$ cat model_27.txt   # compact mmCIF, C-alpha atoms (C1' of nucleotides) and all ligand atoms
# COMPACT_ATOMS: atom_id res chain seq x y z
CA MET A 1 6.84 23.74 15.90
CA TYR A 2 8.50 20.49 16.86
CA SER A 3 10.99 18.41 14.93
CA ILE A 4 10.35 14.69 14.65
CA GLY A 5 12.96 14.01 17.32
CA GLN A 6 11.31 16.38 19.77
CA ILE A 7 7.96 14.72 19.12
CA ALA A 8 9.60 11.35 19.66
CA ARG A 9 10.97 12.46 23.03
CA ARG A 10 7.66 13.93 24.10
CA THR A 11 5.47 10.99 23.10
CA GLY A 12 7.89 8.13 23.72
CA ILE A 13 7.36 6.92 20.15
CA LYS A 14 10.53 6.27 18.21
CA VAL A 15 11.38 8.43 15.23
CA PRO A 16 11.09 5.71 12.57
CA THR A 17 7.79 4.62 14.10
CA ILE A 18 6.37 8.11 13.69
CA ARG A 19 7.36 8.08 10.03
CA TYR A 20 5.78 4.64 9.76
CA TYR A 21 2.50 5.91 11.23
CA GLU A 22 2.53 8.71 8.69
CA GLN A 23 3.00 6.18 5.91
CA MET A 24 0.13 4.10 7.32
CA GLY A 25 -2.11 7.13 7.22
CA LEU A 26 -2.57 7.52 10.98
CA ILE A 27 -1.26 11.07 10.99
CA ASP A 28 -1.59 13.81 8.43
CA PRO A 29 1.71 14.56 6.73
CA PRO A 30 3.04 17.55 8.65
CA GLY A 31 4.51 20.71 7.16
CA ARG A 32 8.17 20.79 6.28
CA SER A 33 11.07 23.11 7.04
CA ALA A 34 12.91 24.90 4.27
CA GLY A 35 15.28 21.94 4.28
CA ASN A 36 12.44 19.39 3.95
CA GLN A 37 12.35 18.23 7.56
CA ARG A 38 9.03 17.46 9.25
CA ARG A 39 7.64 20.12 11.56
CA TYR A 40 4.77 19.23 13.88
CA ASP A 41 2.27 21.39 15.70
CA GLU A 42 0.20 20.72 18.83
CA ALA A 43 -2.42 18.82 16.86
CA GLY A 44 0.20 16.41 15.60
CA LEU A 45 1.51 15.92 19.10
CA GLU A 46 -1.97 15.16 20.40
CA ARG A 47 -2.71 12.75 17.60
CA LEU A 48 0.45 10.80 18.31
CA GLY A 49 -0.42 10.69 21.99
CA PHE A 50 -3.74 9.12 21.08
CA ILE A 51 -2.05 6.57 18.86
CA ARG A 52 0.46 5.70 21.54
CA HIS A 53 -2.20 5.04 24.15
CA ALA A 54 -4.43 3.11 21.78
CA ARG A 55 -1.48 0.92 20.75
CA ALA A 56 -0.58 0.39 24.40
CA LEU A 57 -4.13 -0.88 24.88
CA GLY A 58 -3.50 -3.30 22.04
CA LEU A 59 -5.62 -1.80 19.27
CA SER A 60 -4.50 -2.50 15.73
CA ILE A 61 -3.40 0.15 13.28
CA ASP A 62 -6.61 -0.44 11.31
CA MET A 63 -8.82 0.07 14.34
CA ILE A 64 -6.94 3.23 15.23
CA ARG A 65 -7.34 4.58 11.71
CA ASP A 66 -11.08 3.92 11.94
CA LEU A 67 -11.34 5.59 15.33
CA ILE A 68 -9.48 8.64 14.12
CA SER A 69 -11.65 9.05 11.08
CA LEU A 70 -14.88 8.75 13.02
CA ALA A 71 -13.64 11.12 15.71
CA GLN A 72 -13.31 13.86 13.11
CA ASP A 73 -16.89 15.00 13.44
CA LYS A 74 -17.85 15.78 17.04
CA GLU A 75 -21.56 15.71 16.21
CA MET A 76 -21.64 12.15 14.93
CA PRO A 77 -22.92 9.30 17.08
CA CYS A 78 -20.14 7.32 18.74
CA ASP A 79 -21.69 3.84 18.50
CA ARG A 80 -18.97 2.66 16.18
CA ALA A 81 -16.28 3.59 18.71
CA HIS A 82 -18.05 1.56 21.38
CA GLU A 83 -18.35 -1.29 18.93
CA ILE A 84 -14.63 -1.26 18.14
CA ALA A 85 -13.73 -1.17 21.82
CA ALA A 86 -16.09 -4.05 22.63
CA GLN A 87 -14.79 -6.08 19.75
CA HIS A 88 -11.23 -5.54 20.88
CA ALA A 89 -12.05 -6.42 24.47
CA ALA A 90 -13.62 -9.66 23.29
CA HIS A 91 -10.53 -10.44 21.29
CA ILE A 92 -8.29 -9.85 24.30
CA ARG A 93 -10.50 -12.10 26.43
CA GLN A 94 -10.19 -14.86 23.87
CA LYS A 95 -6.43 -14.50 23.88
CA ILE A 96 -6.33 -14.66 27.66
CA ALA A 97 -8.48 -17.78 27.71
CA ARG A 98 -6.25 -19.51 25.21
CA LEU A 99 -3.07 -18.56 27.04
CA GLN A 100 -4.53 -19.77 30.31
CA ARG A 101 -5.19 -23.18 28.78
CA LEU A 102 -1.59 -23.24 27.56
CA GLU A 103 -0.34 -22.14 30.93
CA ALA A 104 -2.20 -24.95 32.67
CA GLU A 105 -0.63 -27.53 30.37
CA LEU A 106 2.81 -26.03 30.69
CA THR A 107 2.60 -25.97 34.46
CA ARG A 108 1.61 -29.60 34.46
CA ILE A 109 4.51 -30.41 32.15
CA GLU A 110 6.91 -28.38 34.24
CA ASN A 111 5.98 -30.25 37.39
CA SER A 112 6.43 -33.72 35.97
CA HIS A 113 9.82 -34.86 37.22
CA ASP A 114 11.77 -37.70 35.71
CA SER A 115 15.01 -39.63 35.80
CA GLY A 116 16.84 -36.93 33.87
CA THR A 117 17.72 -38.43 30.51
CA VAL A 118 16.25 -37.58 27.16
CA GLY A 119 15.13 -41.19 26.68
CA ASP A 120 12.36 -41.02 29.26
CA CYS A 121 11.94 -37.30 29.77
CA HIS A 122 8.38 -36.47 30.77
CA VAL A 123 8.71 -32.96 29.43
CA LEU A 124 9.68 -34.16 25.99
CA ALA A 125 6.96 -36.81 26.07
CA ALA A 126 4.33 -34.26 27.04
CA LEU A 127 5.47 -31.88 24.33
CA THR A 128 5.26 -34.68 21.79
CA ASP A 129 1.93 -36.20 22.65
CA HIS A 130 -1.28 -34.28 22.98
CA SER A 131 -3.06 -37.32 24.39
CA LEU A 132 -1.09 -36.68 27.57
CA CYS A 133 -2.69 -33.26 27.82
CA MET A 134 -5.56 -32.66 30.20
CA SER A 135 -7.39 -30.18 27.97
CA GLU A 136 -7.59 -28.77 24.49
CA HIS A 137 -5.43 -25.82 23.49
CA MET B 1 5.51 -43.54 1.91
CA TYR B 2 3.31 -40.47 2.20
CA SER B 3 3.00 -37.53 -0.14
CA ILE B 4 3.09 -34.05 1.37
CA GLY B 5 -0.68 -33.78 1.00
CA GLN B 6 -1.26 -37.01 2.90
CA ILE B 7 1.05 -35.83 5.66
CA ALA B 8 -0.83 -32.54 5.74
CA ARG B 9 -4.13 -34.33 6.18
CA ARG B 10 -2.77 -36.63 8.88
CA THR B 11 -1.06 -33.93 10.92
CA GLY B 12 -3.40 -31.03 10.28
CA ILE B 13 -0.46 -28.90 9.12
CA LYS B 14 -0.97 -27.14 5.81
CA VAL B 15 1.15 -28.14 2.85
CA PRO B 16 3.03 -24.83 2.48
CA THR B 17 3.71 -24.85 6.21
CA ILE B 18 5.37 -28.26 5.98
CA ARG B 19 7.63 -26.97 3.21
CA TYR B 20 8.32 -23.93 5.37
CA TYR B 21 9.34 -26.13 8.30
CA GLU B 22 11.69 -28.01 6.03
CA GLN B 23 13.25 -24.72 4.95
CA MET B 24 13.60 -23.69 8.60
CA GLY B 25 15.45 -26.90 9.36
CA LEU B 26 12.82 -28.45 11.63
CA ILE B 27 12.50 -31.56 9.50
CA ASP B 28 15.09 -33.43 7.50
CA PRO B 29 14.51 -33.03 3.77
CA PRO B 30 12.61 -36.19 2.85
CA GLY B 31 13.35 -38.45 -0.08
CA ARG B 32 11.83 -37.62 -3.44
CA SER B 33 9.82 -39.53 -6.02
CA ALA B 34 11.15 -40.03 -9.55
CA GLY B 35 9.30 -36.84 -10.45
CA ASN B 36 10.89 -34.83 -7.59
CA GLN B 37 7.95 -34.89 -5.20
CA ARG B 38 8.50 -35.25 -1.45
CA ARG B 39 7.92 -38.69 0.06
CA TYR B 40 7.73 -39.03 3.83
CA ASP B 41 8.13 -42.03 6.09
CA GLU B 42 6.84 -42.71 9.60
CA ALA B 43 9.71 -40.78 11.16
CA GLY B 44 8.76 -37.69 9.19
CA LEU B 45 5.15 -38.05 10.24
CA GLU B 46 6.13 -38.34 13.88
CA ARG B 47 8.45 -35.35 13.70
CA LEU B 48 5.70 -33.20 12.24
CA GLY B 49 3.33 -34.38 14.95
CA PHE B 50 5.83 -33.20 17.53
CA ILE B 51 6.20 -29.84 15.83
CA ARG B 52 2.46 -29.39 15.61
CA HIS B 53 1.90 -30.04 19.29
CA ALA B 54 4.85 -27.90 20.36
CA ARG B 55 3.58 -25.02 18.20
CA ALA B 56 0.08 -25.48 19.62
CA LEU B 57 1.66 -25.04 23.05
CA GLY B 58 3.18 -21.82 21.78
CA LEU B 59 6.85 -22.77 21.47
CA SER B 60 8.86 -20.85 18.91
CA ILE B 61 10.50 -22.39 15.89
CA ASP B 62 13.89 -21.81 17.51
CA MET B 63 12.90 -23.59 20.72
CA ILE B 64 11.52 -26.48 18.73
CA ARG B 65 14.71 -26.75 16.73
CA ASP B 66 16.69 -26.86 19.97
CA LEU B 67 14.41 -29.48 21.47
CA ILE B 68 14.68 -31.65 18.39
CA SER B 69 18.44 -31.50 18.32
CA LEU B 70 18.80 -32.34 22.00
CA ALA B 71 16.26 -35.16 21.73
CA GLN B 72 18.51 -36.90 19.20
CA ASP B 73 20.59 -38.69 21.80
CA LYS B 74 18.44 -40.66 24.25
CA GLU B 75 21.32 -40.99 26.72
CA MET B 76 21.85 -37.28 27.22
CA PRO B 77 20.53 -35.46 30.28
CA CYS B 78 17.26 -33.63 29.65
CA ASP B 79 17.87 -30.57 31.82
CA ARG B 80 17.91 -28.30 28.83
CA ALA B 81 14.44 -29.48 27.79
CA HIS B 82 13.10 -28.68 31.25
CA GLU B 83 14.79 -25.32 31.08
CA ILE B 84 13.19 -24.47 27.73
CA ALA B 85 9.76 -25.50 28.99
CA ALA B 86 10.13 -23.45 32.17
CA GLN B 87 11.32 -20.45 30.24
CA HIS B 88 8.38 -20.69 27.90
CA ALA B 89 5.91 -21.09 30.75
CA ALA B 90 7.31 -17.96 32.37
CA HIS B 91 6.92 -16.10 29.10
CA ILE B 92 3.29 -17.18 28.79
CA ARG B 93 2.60 -16.08 32.35
CA GLN B 94 4.00 -12.66 31.57
CA LYS B 95 1.81 -12.38 28.52
CA ILE B 96 -1.27 -13.36 30.52
CA ALA B 97 -0.50 -10.79 33.19
CA ARG B 98 -0.14 -8.04 30.62
CA LEU B 99 -3.34 -8.99 28.81
CA GLN B 100 -5.23 -9.08 32.08
CA ARG B 101 -4.17 -5.52 32.80
CA LEU B 102 -5.39 -4.52 29.34
CA GLU B 103 -8.60 -6.40 29.83
CA ALA B 104 -9.31 -4.60 33.07
CA GLU B 105 -8.89 -1.22 31.38
CA LEU B 106 -10.96 -2.22 28.39
CA THR B 107 -13.77 -3.50 30.57
CA ARG B 108 -13.79 -0.23 32.44
CA ILE B 109 -13.85 1.66 29.15
CA GLU B 110 -16.60 -0.55 27.78
CA ASN B 111 -18.82 0.07 30.78
CA SER B 112 -18.57 3.83 30.70
CA HIS B 113 -21.78 5.01 29.05
CA ASP B 114 -22.25 8.42 27.59
CA SER B 115 -24.60 10.64 25.66
CA GLY B 116 -23.74 9.02 22.38
CA THR B 117 -21.93 11.62 20.33
CA VAL B 118 -18.27 11.68 19.40
CA GLY B 119 -17.84 15.04 21.12
CA ASP B 120 -18.17 13.67 24.64
CA CYS B 121 -17.67 9.96 24.12
CA HIS B 122 -16.17 8.36 27.20
CA VAL B 123 -14.72 5.53 25.15
CA LEU B 124 -12.81 7.89 22.90
CA ALA B 125 -11.70 9.95 25.88
CA ALA B 126 -10.44 6.88 27.70
CA LEU B 127 -8.61 5.66 24.64
CA THR B 128 -6.97 9.05 24.27
CA ASP B 129 -5.89 9.73 27.80
CA HIS B 130 -3.89 7.38 29.93
CA SER B 131 -4.43 9.52 33.01
CA LEU B 132 -7.99 8.19 32.99
CA CYS B 133 -6.63 4.67 33.36
CA MET B 134 -6.67 2.95 36.72
CA SER B 135 -3.40 1.05 36.20
CA GLU B 136 -0.34 0.79 34.04
CA HIS B 137 -0.41 -1.40 30.97
C1' DC C 1 -3.87 -42.01 -22.78
C1' DT C 2 -6.16 -38.38 -21.01
C1' DT C 3 -7.50 -35.39 -17.51
C1' DG C 4 -7.98 -33.23 -13.08
C1' DA C 5 -5.97 -33.07 -8.71
C1' DA C 6 -1.83 -32.52 -6.40
C1' DG C 7 2.97 -31.12 -6.27
C1' DC C 8 7.04 -28.24 -7.56
C1' DT C 9 9.83 -23.56 -7.05
C1' DA C 10 10.10 -18.84 -6.40
C1' DT C 11 8.26 -14.65 -4.98
C1' DA C 12 5.50 -11.49 -2.38
C1' DG C 13 2.23 -10.31 1.21
C1' DT C 14 0.78 -10.18 6.21
C1' DT C 15 1.64 -6.92 11.13
C1' DG C 16 4.09 -3.41 13.48
C1' DC C 17 7.70 -2.00 13.69
C1' DT C 18 13.31 -1.66 13.67
C1' DA C 19 17.92 -1.15 11.56
C1' DG C 20 20.90 0.22 8.24
C1' DA C 21 23.11 3.11 4.20
C1' DG C 22 24.31 7.29 2.26
C1' DA C 23 23.09 11.99 1.65
C1' DC C 24 21.46 16.45 3.39
C1' DA C 25 19.94 19.94 7.32
C1' DT C 26 20.36 22.13 11.59
C1' DT C 27 22.53 24.00 15.54
C1' DA C 28 26.03 25.12 19.03
C1' DG C 29 30.76 26.43 19.94
C1' DG C 30 34.86 28.87 18.85
C1' DC D 1 31.47 32.67 9.71
C1' DC D 2 33.10 28.07 9.86
C1' DT D 3 33.12 23.63 11.42
C1' DA D 4 31.86 19.57 13.87
C1' DA D 5 28.35 16.98 15.88
C1' DT D 6 24.00 15.72 15.86
C1' DG D 7 19.58 15.27 13.58
C1' DT D 8 16.83 14.16 9.62
C1' DC D 9 15.85 12.62 4.90
C1' DT D 10 14.51 8.46 1.69
C1' DC D 11 14.89 3.87 0.55
C1' DT D 12 15.58 -0.75 1.46
C1' DA D 13 15.64 -4.89 4.06
C1' DG D 14 14.80 -7.70 8.13
C1' DC D 15 12.04 -9.90 12.06
C1' DA D 16 8.15 -14.39 13.04
C1' DA D 17 5.52 -17.68 11.24
C1' DC D 18 3.21 -18.40 8.05
C1' DT D 19 -0.12 -17.73 3.66
C1' DA D 20 -1.06 -16.84 -1.14
C1' DT D 21 -0.16 -16.54 -5.87
C1' DA D 22 1.76 -17.81 -10.52
C1' DG D 23 3.30 -20.81 -13.83
C1' DC D 24 4.85 -25.09 -14.38
C1' DT D 25 5.29 -30.45 -13.84
C1' DT D 26 3.79 -34.93 -12.01
C1' DC D 27 0.73 -38.31 -10.36
C1' DA D 28 -3.11 -41.52 -10.32
C1' DA D 29 -7.57 -42.95 -11.75
C1' DG D 30 -10.48 -44.32 -15.44
ZN ZN E 201 13.30 -34.66 31.63
ZN ZN E 202 -1.78 -30.97 24.03
ZN ZN E 203 -19.48 7.13 23.23
ZN ZN E 204 -3.85 3.90 29.91
$ encode --input "model_27.txt" --output "structure tokens"
Amino acid sequence: MYSIGQIARRTGIKVPTIRYYEQMGLIDPPGRSAGNQRRYDEAGLERLGFIRHARALGLSIDMIRDLISLAQDKEMPCDRAHEIAAQHAAHIRQKIARLQRLEAELTRIENSHDSGTVGDCHVLAALTDHSLCMSEH
Amino acid sequence: MYSIGQIARRTGIKVPTIRYYEQMGLIDPPGRSAGNQRRYDEAGLERLGFIRHARALGLSIDMIRDLISLAQDKEMPCDRAHEIAAQHAAHIRQKIARLQRLEAELTRIENSHDSGTVGDCHVLAALTDHSLCMSEH
DNA sequence: CTTGAAGCTATAGTTGCTAGAGACATTAGG
DNA sequence: CCTAATGTCTCTAGCAACTATAGCTTCAAG
């Protein structure tokens, strides 16, 4: 039996975050000590490890809840898990593409040197005026 | 004189967002009609255009507020503007790098095929266990 | 002068936590 | 066994940058 602090140390998830995950329904409410403190078993530890890794990979709380519920029955087909992963990967790729467009514009803006006063600052002009941009973003 | 709705249409910023920007101190509170409705002039329109483009480039409200205040005096040196832009570009580059690491892992996970049941799903296993990952993320 | 669209304020919800307050529980040392 | 230090409890509020709703007032066209 682990206290919430021990679980926090072992998983690297902060104590309030663990309570938050419980509130969000990602973990089953654990048993309690005589004094009403949470006591976790190995299953709880494992579950939190899963959540930690899934969050580190960028999955949302909702996706994680779905994955957990469909992982309950080992006999079920896992298509939905693949679907969630693919959907998330697509989302990440979109984000990357958008950020790369921003990065290109920002690099261009960064490299435009000027006389050094606000009045004719190329950086400020470029931030103001999208028509100076080379692409959409 | 433009109403808030006209400004919204011209800038592509939603009406509640314009009011929010006013509350955040990004735009000077505009004059009001006899019936207490906001009335904007060209300066207000231009300011909102600046905010819109800066937000589209990913700058935070705080950065934008700083840029606006330092752009007030045309005679001042613009070093700080360059600094803010560079700082933001660096931040975007960091984000891209992190997302690319995630993307690599997710692609690997996506491409791992399996028998199709939850019990031995490679996707679920990979999401659970970081030791199956090829890199940090 | 009426009516429907647009505007007003204030409040709450979104996401994924994080930080505090104030009270109670546990544990290690003496 | 007692005490002090640390840990844990619940509840509430805050972050960023909006978005949505409710209930009301104002505007502009016909
Ligand atoms: Zn400059
Ligand atoms: Zn642009
Ligand atoms: Zn599978
Ligand atoms: Zn991993």
$ residues_near_ligand --input "model_27.txt" --ligand "ligand ZN 203 (chain E)" --cutoff "6 Å" --atoms "all atoms listed in the file" --output "list of chain:residue names"
A:Cys78, B:Asp114, B:Gly116, B:Thr117, B:Cys121, B:His122, B:Val123
$ closest_atom_pairs --input "model_27.txt" --of "chain B" --to "ligand ZN 202 (chain E)" --cutoff "12 Å" --atoms "all atoms listed in the file" --output "Markdown table"
| residue | atom | partner | partner_atom | distance |
| --- | --- | --- | --- | --- |
| B:Gly49 | CA | E:ZN202 | ZN | 11.0 |
| B:Phe50 | CA | E:ZN202 | ZN | 10.3 |
| B:Ile51 | CA | E:ZN202 | ZN | 11.5 |
| B:Arg52 | CA | E:ZN202 | ZN | 9.6 |
| B:His53 | CA | E:ZN202 | ZN | 6.1 |
| B:Ala54 | CA | E:ZN202 | ZN | 8.2 |
| B:Arg55 | CA | E:ZN202 | ZN | 9.9 |
| B:Ala56 | CA | E:ZN202 | ZN | 7.3 |
| B:Leu57 | CA | E:ZN202 | ZN | 6.9 |
| B:Gly58 | CA | E:ZN202 | ZN | 10.6 |
$ residues_around --input "model_27.txt" --residues "Gly35 (chain A)" --least-positions-apart "4" --cutoff "9 Å" --atoms "all atoms listed in the file" --output "list of chain:residue names"
C:DC24, C:DA25, C:DT26
$ write_last_selection --input "model_27.txt" --atoms "C-alpha atoms (C1' of nucleotides)" --output "PDB file, in the frame of the given file"
ATOM      1  C1'  DC C  24      21.460  16.450   3.390  1.00  0.00           C
ATOM      2  C1'  DA C  25      19.940  19.940   7.320  1.00  0.00           C
ATOM      3  C1'  DT C  26      20.360  22.130  11.590  1.00  0.00           C
TER       4       DT C  26
END
$ residues_near_ligand --input "model_27.txt" --ligand "ligand ZN 201 (chain E)" --cutoff "10 Å" --atoms "all atoms listed in the file" --output "ChimeraX atom specification"
/A:109-110,112-125 /B:76-83
$ residues_near_ligand --input "model_27.txt" --ligand "ligand ZN 204 (chain E)" --cutoff "8 Å" --atoms "all atoms listed in the file" --output "short mmCIF file (atom, residue, chain, number, x, y, z; two decimals) with C-alpha atoms, in the coordinates of the input"
data_model
loop_
_atom_site.label_atom_id
_atom_site.label_comp_id
_atom_site.auth_asym_id
_atom_site.auth_seq_id
_atom_site.Cartn_x
_atom_site.Cartn_y
_atom_site.Cartn_z
CA HIS A 53 -2.20 5.04 24.15
CA ALA A 56 -0.58 0.39 24.40
CA LEU A 57 -4.13 -0.88 24.88
CA GLU B 105 -8.89 -1.22 31.38
CA ALA B 126 -10.44 6.88 27.70
CA LEU B 127 -8.61 5.66 24.64
CA ASP B 129 -5.89 9.73 27.80
CA HIS B 130 -3.89 7.38 29.93
CA SER B 131 -4.43 9.52 33.01
CA LEU B 132 -7.99 8.19 32.99
CA CYS B 133 -6.63 4.67 33.36
CA MET B 134 -6.67 2.95 36.72
CA SER B 135 -3.40 1.05 36.20
CA GLU B 136 -0.34 0.79 34.04
CA HIS B 137 -0.41 -1.40 30.97
#
$ interface_residues --input "model_27.txt" --of "chain C" --to "chain B" --cutoff "8 Å" --atoms "all atoms listed in the file" --output "PyMOL selection string"
chain C and resi 6-8
$ interface_residues --input "model_27.txt" --of "chain D" --to "chain A" --cutoff "12 Å" --atoms "all atoms listed in the file" --output "NGL selection string"
:D and (6-10)
$ write_last_selection --input "model_27.txt" --atoms "C-alpha atoms (C1' of nucleotides)" --output "PDB file, keeping the file's coordinate frame"
ATOM      1  C1'  DT D   6      24.000  15.720  15.860  1.00  0.00           C
ATOM      2  C1'  DG D   7      19.580  15.270  13.580  1.00  0.00           C
ATOM      3  C1'  DT D   8      16.830  14.160   9.620  1.00  0.00           C
ATOM      4  C1'  DC D   9      15.850  12.620   4.900  1.00  0.00           C
ATOM      5  C1'  DT D  10      14.510   8.460   1.690  1.00  0.00           C
TER       6       DT D  10
END
$ atom_distance --input "model_27.txt" --atom1 "C1' of DT19 (chain D)" --atom2 "CA of Arg19 (chain B)"
12.1 Å
$ residues_around --input "model_27.txt" --residues "DA16 (chain D)" --least-positions-apart "5" --cutoff "12 Å" --atoms "all atoms listed in the file" --output "list in words"
Met24, Leu59, Ser60, Ile61 and Asp62 of chain B; DT14, DT15 and DG16 of chain C
$ atom_distance --input "model_27.txt" --atom1 "C1' of DC27 (chain D)" --atom2 "CA of Arg47 (chain B)"
25.4 Å
$ atom_distance --input "model_27.txt" --atom1 "C1' of DT18 (chain C)" --atom2 "CA of Ile13 (chain A)"
12.3 Å
$ closest_residue --input "model_27.txt" --among "B:Arg65, B:Arg32, B:Lys74, B:Lys14" --to "chain A" --atoms "only C-alpha atoms"
B:Lys74
$ closest_residue --input "model_27.txt" --among "A:Arg39, A:Arg9, A:Arg93, A:Arg108" --to "chain B" --atoms "all atoms listed in the file"
A:Arg93
$ closest_residue --input "model_27.txt" --among "B:Ile68, B:Ala89, B:Leu45, B:Asn111" --to "chain A" --atoms "all atoms listed in the file"
B:Ala89
$ residues_around --input "model_27.txt" --residues "DC2 (chain D)" --least-positions-apart "3" --cutoff "12 Å" --atoms "all atoms listed in the file" --output "CSV table (one decimal) with C-alpha atoms (C1' of nucleotides), in the coordinates of the input"
chain,number,residue,atom,x,y,z
C,28,DA,C1',26.0,25.1,19.0
C,29,DG,C1',30.8,26.4,19.9
C,30,DG,C1',34.9,28.9,18.8
$ axis_aligned_box --input "model_27.txt" --around "region 57-66 of chain A" --padding-each-side "4 Å" --output "AutoDock Vina command-line options"
--center_x -7.2 --center_y 0.6 --center_z 18.1 --size_x 15.7 --size_y 15.9 --size_z 21.6
$ closest_residue --input "model_27.txt" --among "A:Leu26, A:Ile84, A:Ile92, A:Met1" --to "chain B" --atoms "all atoms listed in the file"
A:Ile92
$ closest_residue --input "model_27.txt" --among "A:Gln6, A:Ala90, A:Asp41, A:Glu75" --to "chain B" --atoms "all atoms listed in the file"
A:Glu75
$ residues_near_point --input "model_27.txt" --point "(8.0, -20.5, -6.5)" --cutoff "9 Å" --atoms "only C-alpha atoms (C1' of nucleotides)" --output "VMD selection string"
(chain C and resid 8 to 11) or (chain D and resid 22 to 23)
$ build_atoms --input "model_27.txt" --residues "region 8-21 of chain A" --atoms "N, CA and C atoms" --output "PDB file, keeping the file's coordinate frame"
ATOM      1  N   ALA A   8       9.263  12.707  19.197  1.00  0.00           N
ATOM      2  CA  ALA A   8       9.600  11.350  19.660  1.00  0.00           C
ATOM      3  C   ALA A   8       9.876  11.380  21.161  1.00  0.00           C
ATOM      4  N   ARG A   9      10.646  12.358  21.598  1.00  0.00           N
ATOM      5  CA  ARG A   9      10.970  12.460  23.030  1.00  0.00           C
ATOM      6  C   ARG A   9       9.723  12.722  23.858  1.00  0.00           C
ATOM      7  N   ARG A  10       8.847  13.549  23.337  1.00  0.00           N
ATOM      8  CA  ARG A  10       7.660  13.930  24.100  1.00  0.00           C
ATOM      9  C   ARG A  10       6.620  12.823  24.153  1.00  0.00           C
ATOM     10  N   THR A  11       6.521  12.025  23.106  1.00  0.00           N
ATOM     11  CA  THR A  11       5.470  10.990  23.100  1.00  0.00           C
ATOM     12  C   THR A  11       6.011   9.624  23.504  1.00  0.00           C
ATOM     13  N   GLY A  12       7.338   9.462  23.434  1.00  0.00           N
ATOM     14  CA  GLY A  12       7.890   8.130  23.720  1.00  0.00           C
ATOM     15  C   GLY A  12       7.766   7.193  22.526  1.00  0.00           C
ATOM     16  N   ILE A  13       7.404   7.723  21.369  1.00  0.00           N
ATOM     17  CA  ILE A  13       7.360   6.920  20.150  1.00  0.00           C
ATOM     18  C   ILE A  13       8.661   7.149  19.403  1.00  0.00           C
ATOM     19  N   LYS A  14       9.258   6.099  18.893  1.00  0.00           N
ATOM     20  CA  LYS A  14      10.530   6.270  18.210  1.00  0.00           C
ATOM     21  C   LYS A  14      10.366   6.959  16.867  1.00  0.00           C
ATOM     22  N   VAL A  15      11.418   7.653  16.465  1.00  0.00           N
ATOM     23  CA  VAL A  15      11.380   8.430  15.230  1.00  0.00           C
ATOM     24  C   VAL A  15      10.925   7.606  14.021  1.00  0.00           C
ATOM     25  N   PRO A  16      11.523   6.442  13.762  1.00  0.00           N
ATOM     26  CA  PRO A  16      11.090   5.710  12.570  1.00  0.00           C
ATOM     27  C   PRO A  16       9.635   5.265  12.671  1.00  0.00           C
ATOM     28  N   THR A  17       9.175   5.046  13.901  1.00  0.00           N
ATOM     29  CA  THR A  17       7.790   4.620  14.100  1.00  0.00           C
ATOM     30  C   THR A  17       6.831   5.746  13.733  1.00  0.00           C
ATOM     31  N   ILE A  18       7.203   6.965  14.060  1.00  0.00           N
ATOM     32  CA  ILE A  18       6.370   8.110  13.690  1.00  0.00           C
ATOM     33  C   ILE A  18       6.260   8.204  12.169  1.00  0.00           C
ATOM     34  N   ARG A  19       7.401   8.049  11.504  1.00  0.00           N
ATOM     35  CA  ARG A  19       7.360   8.080  10.030  1.00  0.00           C
ATOM     36  C   ARG A  19       6.496   6.934   9.496  1.00  0.00           C
ATOM     37  N   TYR A  20       6.609   5.788  10.159  1.00  0.00           N
ATOM     38  CA  TYR A  20       5.780   4.640   9.760  1.00  0.00           C
ATOM     39  C   TYR A  20       4.296   4.945   9.924  1.00  0.00           C
ATOM     40  N   TYR A  21       3.908   5.560  11.023  1.00  0.00           N
ATOM     41  CA  TYR A  21       2.500   5.910  11.230  1.00  0.00           C
ATOM     42  C   TYR A  21       2.016   6.889  10.154  1.00  0.00           C
TER      43      TYR A  21
END
